[in-house]
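Inspection log for the structure reproduced underneath, given as C-alpha cells.
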Amino acid sequence: MNTTLLVQLLVNGVIVGALYGVVAMCFVLIYKASQVVNFAQGEFVLIGAWACWWLVATLKLPFWLSFPVCLVFMALLGVLVQVIVLRPLIGEPVISIVMVTIGLSIFFQALLKWMFGVFVQPFPQVFETQTVQILGLNVESAYLMSLAISLVIMAGFAYFFKYSRMGLAMRATAFDQQAAQSMGVSVKQVFAISWAISSVVSALAGVVVGLVSGVSASVANVGVKVFPAVIVGGLESIIGGVLGGLIIGLLEGLAQFVDSEYLHVGNLITIAPFYAMLIILLIKPYGLFGTKTIERV
Amino acid sequence: MKRLATLTATLAVLAAAPAFAQQAKIKIGNLIDYTGATSSTGKFSGPGKVDAIAWINKNGGINGKLIDAEIVDYGYQTQRSIQLYKKWKDEGAVAILGYGTNDTEAMVGFVADDKMPYFSFSFSGHLTDPTGISAKAKEGKIKPAPYNFFGQVSYSDGARALVLWAAEDWKKKGGQGKPKYIHMGDNHPYPLAPKEAGENLAKESGFDVLPSIQYALAGGDFKAQCLALQASGANYAFLGNTTGANVALIRSCTTVGVNVQFMANIWGIDEAGTKAIGKGANGVVSVLAQPMWGSNVPGMAKFREISAMSDTTGKAFRPIPYAVGACQVLHLAEGLRLADKAGKLNGPGIKEALETLKDFVPTGFDGMCTPVTWSPTDHRSVDTVNIGRASVTGETEQGEVGDLVAAGTIKLEKIAEQKVPRKPEWQGY
Amino acid sequence: MAGSMRPAGDYRTTYASDRTIFPTSGSFYAVCLGIALLCTGPFFLSSYSLALLIQIGIYGIGALGLNILVGFTGQISLGHAAFFGFGAFTSAYLSSKFAVPVALSIPLAGIVTGLLGVIVGLPAARLKGLYLAIATLASQFVLQDFFSRAQWFTGGAAGASAEPYRLFGLSLSGDQKYLYVVLFHVVVMYVFAANLMRTRDGRAMVAVRDHYLSAEIMGVNLTYYRILAFGISSLYAGVAGALMAHYTSFVSSEAFDLLLSVNFLAMVIIGGLGSVMGSLMGTVFIMVLPEVMQAAVRNIQGLGFAQSSAFTEGLAYLKEMAIGLAIVLFLIFEPDGLAARWRKIRAYWKLYPFSY
C-alpha cells in the first residue's frame with residue numbers, strides 16, 4: 001500500500017473539504033434562517049470571485065483594500081436578491097423556491113459571462129509564497145487563508161448567535177418563525193441579514209477558488225459539492241455543514257486512492273460522494289447529523 | 001374575397017420584389033455557442049466564421065453569389081440546435097456550419113436523410129467513415145456519417161500523433177525501459193473519443209498503458225488527481241479535456257510538483273489558457289490546429305484581411321479557435337464554388353465537390369489552413385499533425401492575452417510535424 | 001357529459017360529474033378539433049414548425065411525467081433528464097441489438113425506465129422536501145456517469161444509433177410522418193394521466209401531496225404511493241426519451257444533463273403544478289421562449305445599425321438572461337402557473353361583463 005499517497009490525498013481532502021465546508025456553511029445559514037434552498041449558491045461564489053478579481057486585476061487596487069470593498073458589495077447584493085426575488089415568495093412551496101434560485105443561477109451565469117468573458121482569468125497572487133508544505137504535500141497558501149478566515153468566521157458566528165441581539169433573533173426565527181415575529185423580531189431583517197452574511201462568506205470562498213485554479217464560470221461548480229456536504233452534515237447546523245464538507249473532502253481523497261491504486265473504475269472521485277449520499281439517505285433519511293423533526297398535526 | 005386575394009397577391013409581389021433586385025444568395029446555416037458550456041471556444045471561433053463569410057462576400061462571393069449565413073447562438077442545448085437546423089432547412093440552406101459535439105451527434109441522422117453537408121468543430125473519429133467500410137462500422141459500433149465534414153485532424157488521430165511524438169521524444173531523451181502512457185479526461189463523449197485510439201497505439205509503440213485518471217470537464221481543484229498521477233509514475237499524460245479544465249489540472253499539478261510530459265488534444269490548450277496557467281504551462285505539448293496569430297507564414301497576410309472585416313484598427317488579437325472557424329468557412333466555400341460551377345449547388349453536389357479536394361489549401365492561405373483531402377470513402381481530412389509546445393517566459397497575470405503574445409511572453413511554437421497515415425484499420429475511431 | 005357551457009356556479013351534484021375529464025362537451029370538442037387540426041399539420045406546415053410540434057410533444061410527455069411526481073404527489077425530482085436519457089438508450093438498444101420493432105421498443109423502454117424509477121424511488125419513499133431534491137440530484141449524476149461508462153449499452157463516446165420508426169413495413173421517419181407517431185403517444189399518455197387522476201390511486205397521490213399524515217390516517221400506504229409515483233413518472237420520461245431517440249435516430253449521453261432536468265422542472269412549474277394540461281402549456285412556453293427571443297434578436301439585427309459579431313454576442317447573452325429572468329418573474333407574479341392563468345381568463349369571460 002502506498003502510504004505516502006494515502007496521507008497526501010487525505011491531507012488534501014481536509015484542505016479542499018474545508019472549502020466545501022465554508023460554502024456549505026453559507027448554504028445552511030440561508031436555509032436555517034429563511035428556509036430557502038439556494039441552488040444559486042455556486043453563482044454567489046462566482047460573483048464574489050469575479051467582483052474581487054475585477055477590483056484587483058482591472059482596477060489594480062491593493063488586495064487589502066479591494067477585499068473589504070468586494071465583501072461590502074457582496075453583502076449589498078445578498079440583501080438585494082433577498083428583498084427583490086425571495087421576499088415575494090415567502091410561503092410558496094419548496095419547489096418554487098428551488099426553481100427561482102435555479103432561474104437566478106441561469107441569469108447570473110449569462111450576466112457574468114457577458115461582463116467578464118468566458119475565459120479563465122488568473123487571479124493576481126496576493127501571497128508572498130504561493131505554496132506551503134504540509135506533511136509532504138504542497139498546498140496553496142490561499143487554502144490556509146480560507147481555513148484561518150473560516151475559523152474566525154465560525155468563532156464569530158458562535159459569539160454572534162449566542163450573545164448578540166441579532167443573533168438571538170436569528171436563532172429564534174430559525175426555530176419558529178411565527179413565534180419570533182409575535183415576540184417583536186423583525187423576520188424580514190433577519191432574512192436579509194442572513195443573505196448578506198452568506199454572500200459575504202461565499203465571496204471569500206470564491207477568492208480562494210480563484211486563487212487556486214483561476215476565475216471562470218467553473219468556479220460555480222463548487223455549489224454542487226455543497227449538496228453531499230449538507231446531506232452528510234445535516235441541514236440544521238452550521239457546524240454540521242462544515243463537518244460535512246470535511247467528510248466529503250476526505251471521502252474524495254479516499255475514493256481517488258482506492259480508485260487509482262486498486263479498483264481502476266475511474267471517476268470515483270466525482271461520483272463517490274453522490275453514492276455515499278444515497279446510501280446515507282437510505283439509512284438515515286435526515287442526514288448523518290440531522291435530527292428528525294417531529295410533526296404535530 | 002376576390003379583393004382580398006388580389007391584395008394578398010400584390011403584397012406578396014411587393015415583398016418579393018426586393019429579392020429580385022438583390023444579388024443571388026446561397027443560404028447556409030451557422031451555429032455557435034456564445035453562452036453555453038463551451039463558450040470559451042465559441043467566443044473566438046464564432047467571429048472567425050462571421051469574418052470569413054464577410055470576407056468571401058466582399059471578394060466576389062461564390063462565383064458572384066453571396067453567402068447568407070446568419071450566425072445563431074444555441075447555448076449548447078440540443079433541442080435548440082434541432083429547431084435551428086429545421087428552420088434553415090426550410091429556408092433552403094444547402095449546407096450547415098455546425099458547432100460542437102452535442103449538436104453534431106444529434107444531427108448525424110438528420111443530415112444523412114436530408115443530404116445536407118454538415119461542417120462541425122466536433123472532430124470525433126466516428127464521423128470520418130462516410131460509407132461504413134471501417135472495421136468499427138462492420139462490428140456495428142458506429143454508423144456511417146456520409147454528410148459530416150471537418151477540415152481538422154480528428155480527436156483520435158490527434159491522440160495518435162501525440163503518441164508517435166512521445167515515442168520519438170522518449171528515444172531522443174534516451175529514456176530507459178518502457179515509457180508509461182496515461183489517458184486523462186472526463187467521463188464524457190468528447191474526452192473519451194480518442195481514448196481507445198491513443199491507448200491502442202501506445203501499446204503497439206511499446207508504452208506501458210496505465211489505467212486512466214478522470215478529471216471533470218467543468219473544472220475544479222484537481223490536486224487529488226495530480227497526486228494519483230504522480231504516484232502512477234506516468235511519463236506521458238494525454239489530456240482529453242478542453243482548455244478550462246486543463247488550466248485547472250496543470251495548475252494543480254504544478255502545485256503538487258508532478259513531473260510528467262502533458263500532451264493536450266486539439267481543443268486542449270490555447271493562448272488564453274496558457275496565460276491562465278502561467279509558468280506551469282512551460283513545455284506542455286499539444287495538437288496545434290493552426291499557427292499562432294502573427295506567425296511568419298505566407299497565409300498570414302490574407303488572414304489579416306479577414307480579421308480586418310470586424311476590426312479596422314488591425315490591432316485585434318485572434319487566437320487559434322478564430323483561425324479554425326475561418327478555415328472551416330473557407331473549406332466549405334471551396335465546396336460551394338465547385339458545386340456551383342458544376343451546376344449542382346445542393347447537398348449531394350457539395351458533398352461530391354468536397355470529396356474531389358486533394359491536399360487543398362484555400363488560395364493564399366498557405367501555412368494557415370491545413371491541407372485537406374476528402375474522398376468518397378474517407379473523411380479523415382488531415383493526415384499531417386502539427387505538434388506545438390507552450391512556452392511562458394514571464395509573468396502572465398497582468399495584461400491582455402494579445403499583448404502577452406505580441407511581447408513573446410506566451411508562445412505556442414510548432415516543434416514537429418507528425419504524419420498520421422490514413423490506415424484503414426484506424427478509420428472510424 | 002354536461003352541456004356545452006358550464007353554469008356560473010358550481011352545480012355538480014354527483015361524484016361522477018366531479019370526476020369527468022372534460023367539464024363541458026365544448027371542451028371535449030375543442031380538444032378533438034385541436035387534435036384533428038394537428039393531424040392535417042404535415043400537409044401545410046414547414047418542417048421547422050413540425051419539428052417544434054414534435055419536440056413540444058416529446059418534452060410534453062416528459063413534463064407530464066414529472067408533473068405526476070411533483071405536482072400530484074408532491075415529491076421533488078432533479079433527475080428527470082437521466083430517466084429521459086435512460087429511456088432513449090433502452091429503446092435504441094432494444095431496437096438495434098435485438099431487432100425489437102420500434103413501435104414495441106418505445107413502450108418497452110418506458111416500462112424498463114419505470115422499473116428503474118421504482119428502484120431509485122426506494123430511498124425516495126422515506127425522504128421529503130429538500131432531502132429528496134438532493135437525492136434525486138445524486139441519481140442524476142450517478143446515471144449520467146453510468147451512460148458514459150456502459151459501452152455495451154450506450155455506445156460510450158460514439159453514442160448509440162436508434163432504428164427508424166417502421167409500422168407494417170411503412171417508414172414513419174421524417175418530420176411529416178413522425179408527427180403522427182408523437183401525436184399518438186401524446187394523446188395516449190395524456191389520456192392515461194387524466195384518467196389516473198380519477199382513480200383511487202390518483203386521489204391517493206393527491207392526498208399524499210396535500211397532507212401526508214392525514215393520508216396515512218385515511219389508510220393510504222405512503223411508501224407504496226411515493227414509489228408508484230416515481231415509477232409512473234419515470235415511465236413517462238422513458239417513453240419521451242425513446243420517442244426522442246427514434247426522432248433523431250442517434251443518442252449521445254451528452255444531451256441528458258442537469259440543465260435538461262432543470263428545463264423539465266421549469267416546464268412543470270411554469271405550466272402549473274398538478275395540472276395535466278398545464279404540463280403541456282409549460283412545455284410550449286419553455287420551447288417557444290428561446291424561439292421568440294431568437295426572432296426578437298433577429299429583428300433587432302434586421303434594423304441594420306449593427307451587424308458586428310460583438311453585437312450578436314451581446315444579444316445572445318441578453319437572450320440567456322431573459323430566459324432566467326422569465327422563470328424568476330413567472331414564479332414571483334404567477335406562482336400557480338399558466339394553467340391557473342388560463343382558468344382565470346376563462347372565468348373572466350364566463351361572467352363578462354359582470355366580472356369583478
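Labels for the C-alpha cells follow display order: chains A, B, ..., residues from 1 in each chain, ligands from 1.
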Show me which bits of chain C are within 6 Å of chain A, counting only C-alpha atoms, as a compact mmCIF listing (two decimals) with C-alpha atoms, in the first residue's frame.
# COMPACT_ATOMS: atom_id res chain seq x y z
CA PRO C 123 -34.83 5.61 -0.87
CA LEU C 127 -37.34 11.28 2.04
CA ALA C 138 -27.44 12.33 -6.89
CA TYR C 317 -26.22 36.80 -23.51
CA GLU C 320 -29.97 33.72 -21.91
CA MET C 321 -30.53 36.26 -19.15
CA GLY C 324 -33.51 33.04 -16.44
CA ILE C 327 -38.53 31.90 -14.82
CA VAL C 328 -37.93 34.17 -11.83
- Task: May I have the residues within 7 Å of segment 394-405 of chain B as a list in words, using only C-alpha atoms and disregarding those fewer than 6 positions away in the same chain?
- Result: Ala57, Pro122, Phe123 and Pro124 of chain A; Glu271, Ala272, Lys275, Gly278, Phe317 and Lys411 of chain B
Export of the given selection (C-alpha atoms) as an mmCIF file, in the first residue's frame:
data_model
loop_
_atom_site.group_PDB
_atom_site.id
_atom_site.type_symbol
_atom_site.label_atom_id
_atom_site.label_comp_id
_atom_site.auth_asym_id
_atom_site.auth_seq_id
_atom_site.Cartn_x
_atom_site.Cartn_y
_atom_site.Cartn_z
ATOM 1 C CA ALA A 57 -6.770 42.836 -11.677
ATOM 2 C CA PRO A 122 -5.605 34.111 -13.381
ATOM 3 C CA PHE A 123 -6.079 35.790 -10.019
ATOM 4 C CA PRO A 124 -3.130 38.017 -9.205
ATOM 5 C CA GLU B 271 -3.313 31.291 -25.727
ATOM 6 C CA ALA B 272 -5.848 32.347 -23.077
ATOM 7 C CA LYS B 275 -1.987 32.829 -19.828
ATOM 8 C CA GLY B 278 1.218 30.882 -16.164
ATOM 9 C CA PHE B 317 -5.764 39.619 -31.325
ATOM 10 C CA LYS B 411 4.233 31.209 -27.237
#
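Those residues in segment 328-358 of chain B carrying a DSSP assignment of helix (DSSP H, G or I), computed from the backbone, are Gln328, Val329, Leu330, His331, Leu332, Ala333, Glu334, Gly335, Leu336, Arg337, Leu338, Ala339, Asp340, Lys341, Gly347, Pro348, Gly349, Ile350, Lys351, Glu352, Ala353 and Leu354 of chain B.
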- Please provide the set of residues having any atom within 10 Å of Val118 of chain C, restricted to only C-alpha atoms, with same-chain residues fewer than 4 positions apart removed, written as number ranges by chain. C: 112-114, 122-125, 226-235
Can I get the selection written as a compact mmCIF listing (two decimals), in the first residue's frame, with N, CA and C atoms?
# COMPACT_ATOMS: atom_id res chain seq x y z
N VAL C 112 -39.18 -0.39 -18.79
CA VAL C 112 -37.88 -0.62 -18.16
C VAL C 112 -37.47 0.61 -17.35
N THR C 113 -37.66 1.79 -17.93
CA THR C 113 -37.31 3.01 -17.21
C THR C 113 -38.17 3.16 -15.97
N GLY C 114 -39.45 2.78 -16.10
CA GLY C 114 -40.34 2.82 -14.94
C GLY C 114 -39.81 1.95 -13.81
N LEU C 122 -36.96 3.91 -4.25
CA LEU C 122 -36.96 3.24 -2.94
C LEU C 122 -36.45 4.14 -1.81
N PRO C 123 -35.24 4.72 -1.97
CA PRO C 123 -34.83 5.61 -0.87
C PRO C 123 -35.75 6.83 -0.80
N ALA C 124 -36.26 7.23 -1.97
CA ALA C 124 -37.07 8.45 -2.00
C ALA C 124 -38.34 8.31 -1.17
N ALA C 125 -38.78 7.07 -1.01
CA ALA C 125 -40.02 6.86 -0.26
C ALA C 125 -39.90 7.37 1.17
N ARG C 226 -45.66 6.72 -2.98
CA ARG C 226 -44.50 7.52 -3.37
C ARG C 226 -43.67 6.78 -4.41
N ILE C 227 -43.49 5.46 -4.18
CA ILE C 227 -42.70 4.67 -5.14
C ILE C 227 -43.46 4.55 -6.46
N LEU C 228 -44.77 4.35 -6.36
CA LEU C 228 -45.58 4.25 -7.58
C LEU C 228 -45.46 5.53 -8.41
N ALA C 229 -45.51 6.67 -7.72
CA ALA C 229 -45.41 7.94 -8.44
C ALA C 229 -44.07 8.03 -9.16
N PHE C 230 -43.01 7.59 -8.48
CA PHE C 230 -41.69 7.60 -9.11
C PHE C 230 -41.68 6.71 -10.34
N GLY C 231 -42.29 5.52 -10.20
CA GLY C 231 -42.32 4.59 -11.32
C GLY C 231 -43.06 5.18 -12.50
N ILE C 232 -44.25 5.73 -12.26
CA ILE C 232 -45.05 6.27 -13.37
C ILE C 232 -44.33 7.44 -14.01
N SER C 233 -43.77 8.29 -13.17
CA SER C 233 -43.06 9.45 -13.70
C SER C 233 -41.89 9.02 -14.58
N SER C 234 -41.16 7.98 -14.13
CA SER C 234 -40.03 7.51 -14.94
C SER C 234 -40.53 6.85 -16.21
N LEU C 235 -41.66 6.16 -16.12
CA LEU C 235 -42.23 5.55 -17.32
C LEU C 235 -42.49 6.61 -18.39
- Task: Return the neighbours of chain B among the residues of chain A, cut-off 9 Å, counting only C-alpha atoms, as a ChimeraX atom specification.
- Result: /A:2,5,8-10,12-13,16,57-58,109-110,113-114,117-125,130-131,137-140,209,212-219,221-222,252-253,256-257,259-261,264-270
Written file, previous selection with N, CA and C atoms, as a compact mmCIF listing (two decimals), in the first residue's frame:
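Saved result, part_13.txt, follows:
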# COMPACT_ATOMS: atom_id res chain seq x y z
N ASN A 2 0.49 2.17 -0.79
CA ASN A 2 1.25 3.40 -0.94
C ASN A 2 0.80 4.41 0.13
N LEU A 5 1.03 8.30 -0.56
CA LEU A 5 -0.05 8.79 -1.41
C LEU A 5 -1.32 8.95 -0.60
N GLN A 8 -1.08 11.94 1.70
CA GLN A 8 -1.18 13.19 0.94
C GLN A 8 -2.60 13.44 0.46
N LEU A 9 -3.24 12.38 -0.02
CA LEU A 9 -4.61 12.54 -0.51
C LEU A 9 -5.54 12.95 0.63
N LEU A 10 -5.31 12.37 1.80
CA LEU A 10 -6.18 12.71 2.93
C LEU A 10 -5.95 14.15 3.39
N ASN A 12 -4.90 16.55 1.56
CA ASN A 12 -5.54 17.37 0.53
C ASN A 12 -7.05 17.37 0.69
N GLY A 13 -7.58 16.20 1.07
CA GLY A 13 -9.02 16.09 1.28
C GLY A 13 -9.49 17.04 2.36
N VAL A 16 -9.22 20.71 0.95
CA VAL A 16 -10.27 21.02 -0.01
C VAL A 16 -11.63 20.95 0.66
N ALA A 57 -7.48 42.97 -10.40
CA ALA A 57 -6.77 42.84 -11.68
C ALA A 57 -7.05 43.99 -12.63
N THR A 58 -8.27 44.50 -12.63
CA THR A 58 -8.58 45.56 -13.60
C THR A 58 -8.36 46.95 -13.01
N GLN A 109 -25.28 33.40 -14.49
CA GLN A 109 -24.27 32.78 -15.35
C GLN A 109 -24.11 33.58 -16.64
N ALA A 110 -25.26 33.90 -17.27
CA ALA A 110 -25.20 34.62 -18.54
C ALA A 110 -24.65 36.03 -18.33
N LYS A 113 -20.89 35.95 -17.75
CA LYS A 113 -20.15 35.64 -18.97
C LYS A 113 -20.10 36.87 -19.86
N TRP A 114 -21.18 37.60 -19.85
CA TRP A 114 -21.24 38.80 -20.68
C TRP A 114 -20.27 39.86 -20.16
N GLY A 117 -16.44 37.89 -19.68
CA GLY A 117 -15.90 36.99 -20.70
C GLY A 117 -15.97 35.55 -20.27
N VAL A 118 -15.53 34.69 -21.16
CA VAL A 118 -15.72 33.26 -20.94
C VAL A 118 -14.41 32.54 -20.64
N PHE A 119 -13.33 33.31 -20.50
CA PHE A 119 -12.04 32.64 -20.31
C PHE A 119 -11.64 32.56 -18.85
N VAL A 120 -10.78 31.59 -18.59
CA VAL A 120 -10.21 31.53 -17.25
C VAL A 120 -9.27 32.71 -17.09
N GLN A 121 -9.42 33.45 -16.01
CA GLN A 121 -8.51 34.56 -15.73
C GLN A 121 -7.70 34.22 -14.49
N PRO A 122 -6.40 34.38 -14.58
CA PRO A 122 -5.61 34.11 -13.38
C PRO A 122 -5.84 35.20 -12.35
N PHE A 123 -5.92 34.81 -11.11
CA PHE A 123 -6.08 35.79 -10.02
C PHE A 123 -4.69 36.25 -9.62
N PRO A 124 -4.46 37.56 -9.61
CA PRO A 124 -3.13 38.02 -9.21
C PRO A 124 -2.77 37.46 -7.83
N GLN A 125 -1.57 36.97 -7.71
CA GLN A 125 -1.18 36.36 -6.44
C GLN A 125 -1.11 37.41 -5.35
N GLN A 130 3.47 31.14 -2.65
CA GLN A 130 2.23 30.61 -3.18
C GLN A 130 1.87 29.26 -2.59
N THR A 131 2.90 28.51 -2.21
CA THR A 131 2.58 27.20 -1.67
C THR A 131 3.27 26.97 -0.33
N LEU A 137 2.99 17.59 1.47
CA LEU A 137 2.12 17.96 0.36
C LEU A 137 2.17 19.47 0.16
N ASN A 138 2.35 19.87 -1.09
CA ASN A 138 2.32 21.29 -1.39
C ASN A 138 0.88 21.77 -1.44
N VAL A 139 0.59 22.80 -0.66
CA VAL A 139 -0.77 23.31 -0.60
C VAL A 139 -0.72 24.80 -0.91
N GLU A 140 -1.68 25.30 -1.69
CA GLU A 140 -1.73 26.72 -1.98
C GLU A 140 -2.01 27.50 -0.70
N VAL A 209 -11.01 29.89 -4.44
CA VAL A 209 -11.05 29.06 -5.64
C VAL A 209 -10.36 29.78 -6.79
N VAL A 212 -6.68 29.58 -6.53
CA VAL A 212 -6.16 28.24 -6.76
C VAL A 212 -6.23 27.86 -8.24
N SER A 213 -7.41 27.98 -8.85
CA SER A 213 -7.49 27.50 -10.24
C SER A 213 -7.96 28.54 -11.23
N GLY A 214 -7.86 29.81 -10.90
CA GLY A 214 -8.26 30.85 -11.84
C GLY A 214 -9.76 31.09 -11.79
N VAL A 215 -10.18 32.26 -12.24
CA VAL A 215 -11.59 32.60 -12.19
C VAL A 215 -12.23 32.31 -13.54
N SER A 216 -13.29 31.53 -13.53
CA SER A 216 -14.09 31.30 -14.73
C SER A 216 -15.43 30.75 -14.27
N ALA A 217 -16.32 30.56 -15.22
CA ALA A 217 -17.66 30.08 -14.87
C ALA A 217 -17.62 28.80 -14.04
N SER A 218 -16.53 28.03 -14.17
CA SER A 218 -16.48 26.74 -13.49
C SER A 218 -16.34 26.89 -11.98
N VAL A 219 -16.00 28.08 -11.50
CA VAL A 219 -15.93 28.30 -10.05
C VAL A 219 -17.26 27.92 -9.40
N ASN A 221 -19.09 25.55 -9.84
CA ASN A 221 -19.32 24.13 -9.61
C ASN A 221 -19.14 23.71 -8.18
N VAL A 222 -18.46 24.52 -7.40
CA VAL A 222 -18.30 24.19 -6.00
C VAL A 222 -19.69 24.14 -5.35
N GLU A 252 -13.49 12.07 -0.90
CA GLU A 252 -12.96 12.23 -2.26
C GLU A 252 -11.53 11.73 -2.33
N GLY A 253 -10.74 12.13 -1.35
CA GLY A 253 -9.34 11.69 -1.32
C GLY A 253 -9.24 10.19 -1.26
N GLN A 256 -10.26 8.56 -4.53
CA GLN A 256 -9.20 8.66 -5.53
C GLN A 256 -8.12 7.62 -5.25
N PHE A 257 -7.82 7.42 -3.97
CA PHE A 257 -6.80 6.45 -3.59
C PHE A 257 -7.21 5.04 -3.99
N ASP A 259 -9.44 4.13 -6.05
CA ASP A 259 -9.63 4.06 -7.49
C ASP A 259 -8.31 3.85 -8.22
N SER A 260 -7.34 4.71 -7.90
CA SER A 260 -6.11 4.67 -8.69
C SER A 260 -5.19 3.53 -8.25
N GLU A 261 -5.33 3.07 -7.00
CA GLU A 261 -4.43 2.01 -6.55
C GLU A 261 -5.01 0.62 -6.77
N HIS A 264 -9.53 0.90 -10.18
CA HIS A 264 -9.45 1.41 -11.55
C HIS A 264 -10.81 1.50 -12.24
N VAL A 265 -11.83 1.88 -11.50
CA VAL A 265 -13.14 2.10 -12.14
C VAL A 265 -13.13 3.42 -12.88
N GLY A 266 -12.37 4.35 -12.37
CA GLY A 266 -12.35 5.67 -12.98
C GLY A 266 -13.47 6.54 -12.46
N ASN A 267 -13.15 7.82 -12.26
CA ASN A 267 -14.15 8.81 -11.92
C ASN A 267 -14.79 8.62 -10.55
N LEU A 268 -14.23 7.73 -9.71
CA LEU A 268 -14.81 7.55 -8.37
C LEU A 268 -14.82 8.86 -7.61
N ILE A 269 -13.79 9.67 -7.83
CA ILE A 269 -13.66 10.90 -7.04
C ILE A 269 -14.87 11.82 -7.18
N THR A 270 -15.43 11.89 -8.37
CA THR A 270 -16.60 12.77 -8.52
C THR A 270 -17.89 12.07 -8.13
Once DSSP has gone over the backbone, tell me which residues of segment 75-189 of chain A are in strand (DSSP E), as a compact mmCIF listing (two decimals) with N, CA and C atoms, in the first residue's frame.
# COMPACT_ATOMS: atom_id res chain seq x y z
N THR A 131 2.90 28.51 -2.21
CA THR A 131 2.58 27.20 -1.67
C THR A 131 3.27 26.97 -0.33
N VAL A 132 2.64 26.16 0.46
CA VAL A 132 3.15 25.81 1.79
C VAL A 132 3.17 24.30 1.85
N GLN A 133 4.18 23.74 2.54
CA GLN A 133 4.23 22.29 2.60
C GLN A 133 3.63 21.78 3.91
N ILE A 134 2.66 20.87 3.76
CA ILE A 134 2.07 20.26 4.95
C ILE A 134 2.19 18.75 4.80
N LEU A 137 2.99 17.59 1.47
CA LEU A 137 2.12 17.96 0.36
C LEU A 137 2.17 19.47 0.16
N ASN A 138 2.35 19.87 -1.09
CA ASN A 138 2.32 21.29 -1.39
C ASN A 138 0.88 21.77 -1.44
N VAL A 139 0.59 22.80 -0.66
CA VAL A 139 -0.77 23.31 -0.60
C VAL A 139 -0.72 24.80 -0.91
N GLU A 140 -1.68 25.30 -1.69
CA GLU A 140 -1.73 26.72 -1.98
C GLU A 140 -2.01 27.50 -0.70
Report as a Markdown table: every residue of chain B with an atom at most 7 Å from chain C, its closest pair of atoms, and their distance in Å to one decimal, counting only C-alpha atoms, with rows sorted by chain and ascending residue number.
| residue | atom | partner | partner_atom | distance |
| --- | --- | --- | --- | --- |
| B:Tyr34 | CA | C:Glu313 | CA | 6.4 |
| B:Thr35 | CA | C:Tyr317 | CA | 6.0 |
| B:Pro47 | CA | C:Ser309 | CA | 5.9 |
| B:Val50 | CA | C:Ser309 | CA | 7.0 |
| B:Asp73 | CA | C:Ala316 | CA | 6.1 |
| B:Thr78 | CA | C:Ala255 | CA | 6.4 |
| B:Gln83 | CA | C:Tyr48 | CA | 6.4 |
| B:Lys86 | CA | C:Tyr48 | CA | 4.7 |
| B:Lys87 | CA | C:Tyr48 | CA | 4.7 |
| B:Asp90 | CA | C:Ser47 | CA | 6.3 |
| B:Asn102 | CA | C:Glu254 | CA | 6.3 |
| B:Glu105 | CA | C:Ser252 | CA | 6.7 |
| B:Ala106 | CA | C:Thr248 | CA | 6.0 |
| B:Met107 | CA | C:Thr248 | CA | 6.8 |
| B:Gly109 | CA | C:Ser249 | CA | 5.6 |
| B:Phe110 | CA | C:Thr248 | CA | 6.6 |
| B:His126 | CA | C:Ala158 | CA | 6.4 |
| B:Lys141 | CA | C:Gly155 | CA | 7.0 |
| B:Ile142 | CA | C:Ala158 | CA | 6.7 |
| B:Asn187 | CA | C:Ser148 | CA | 5.7 |
| B:His188 | CA | C:Ser148 | CA | 5.9 |
| B:Pro189 | CA | C:Ala157 | CA | 4.0 |
| B:Tyr190 | CA | C:Ala157 | CA | 6.9 |
| B:Leu192 | CA | C:Ala157 | CA | 5.5 |
| B:Ala193 | CA | C:Ala157 | CA | 5.2 |
| B:Ser310 | CA | C:Ser308 | CA | 6.6 |
- Task: Determine, counting only C-alpha atoms, which protein, DNA and RNA residues have an atom within 9 Å of an atom of Ala301 of chain B; residues of the same chain fewer than 4 positions away are not included. Present the result as a PyMOL selection string.
- Result: chain B and resi 297+305+364-365
Please write the residues from the selection above to a file, keeping N, CA and C atoms, as a PDB file, in the first residue's frame.
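The resulting file, part.pdb, is shown below:
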ATOM      1  N   VAL B 297       4.047  33.031 -41.551  1.00  0.00           N
ATOM      2  CA  VAL B 297       3.673  32.071 -42.593  1.00  0.00           C
ATOM      3  C   VAL B 297       3.042  32.857 -43.740  1.00  0.00           C
ATOM      4  N   GLU B 305      -6.529  40.246 -43.640  1.00  0.00           N
ATOM      5  CA  GLU B 305      -7.672  40.802 -44.385  1.00  0.00           C
ATOM      6  C   GLU B 305      -8.979  40.321 -43.771  1.00  0.00           C
ATOM      7  N   GLY B 364      -3.945  31.370 -51.159  1.00  0.00           N
ATOM      8  CA  GLY B 364      -3.354  32.449 -50.388  1.00  0.00           C
ATOM      9  C   GLY B 364      -3.268  32.178 -48.899  1.00  0.00           C
ATOM     10  N   PHE B 365      -3.772  31.032 -48.469  1.00  0.00           N
ATOM     11  CA  PHE B 365      -3.785  30.755 -47.033  1.00  0.00           C
ATOM     12  C   PHE B 365      -2.759  29.693 -46.635  1.00  0.00           C
TER      13      PHE B 365
END
- List the neighbours of Val100 of chain C out to 12 Å using only C-alpha atoms; skip same-chain residues closer than 6 positions along the sequence, and give me the result as an MDAnalysis selection string. chainID C and resid 90:94 106:109 162:167
- Message: Which residues are near Phe27 of chain A? Cut-off 7 Å, only C-alpha atoms, ignore same chain within fewer than 3 positions. Put them as number ranges by chain.
- Response: A: 23-24, 30-31, 38, 41
Let's have the selection written as a PDB file, in the first residue's frame, with N, CA and C atoms.
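Dumped everything to selection_14.pdb:
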ATOM      1  N   VAL A  23     -18.498  26.763   1.998  1.00  0.00           N
ATOM      2  CA  VAL A  23     -19.626  27.016   1.107  1.00  0.00           C
ATOM      3  C   VAL A  23     -20.894  26.388   1.693  1.00  0.00           C
ATOM      4  N   ALA A  24     -20.746  25.188   2.265  1.00  0.00           N
ATOM      5  CA  ALA A  24     -21.898  24.532   2.882  1.00  0.00           C
ATOM      6  C   ALA A  24     -22.458  25.382   4.012  1.00  0.00           C
ATOM      7  N   ILE A  30     -28.478  30.236   5.111  1.00  0.00           N
ATOM      8  CA  ILE A  30     -29.682  30.737   4.455  1.00  0.00           C
ATOM      9  C   ILE A  30     -30.858  29.801   4.688  1.00  0.00           C
ATOM     10  N   TYR A  31     -30.570  28.504   4.595  1.00  0.00           N
ATOM     11  CA  TYR A  31     -31.661  27.552   4.756  1.00  0.00           C
ATOM     12  C   TYR A  31     -32.250  27.640   6.154  1.00  0.00           C
ATOM     13  N   ASN A  38     -30.855  27.309  -1.578  1.00  0.00           N
ATOM     14  CA  ASN A  38     -30.236  28.188  -2.561  1.00  0.00           C
ATOM     15  C   ASN A  38     -29.452  27.402  -3.600  1.00  0.00           C
ATOM     16  N   GLN A  41     -26.158  29.016  -5.000  1.00  0.00           N
ATOM     17  CA  GLN A  41     -25.027  29.196  -4.090  1.00  0.00           C
ATOM     18  C   GLN A  41     -23.710  29.297  -4.860  1.00  0.00           C
TER      19      GLN A  41
END
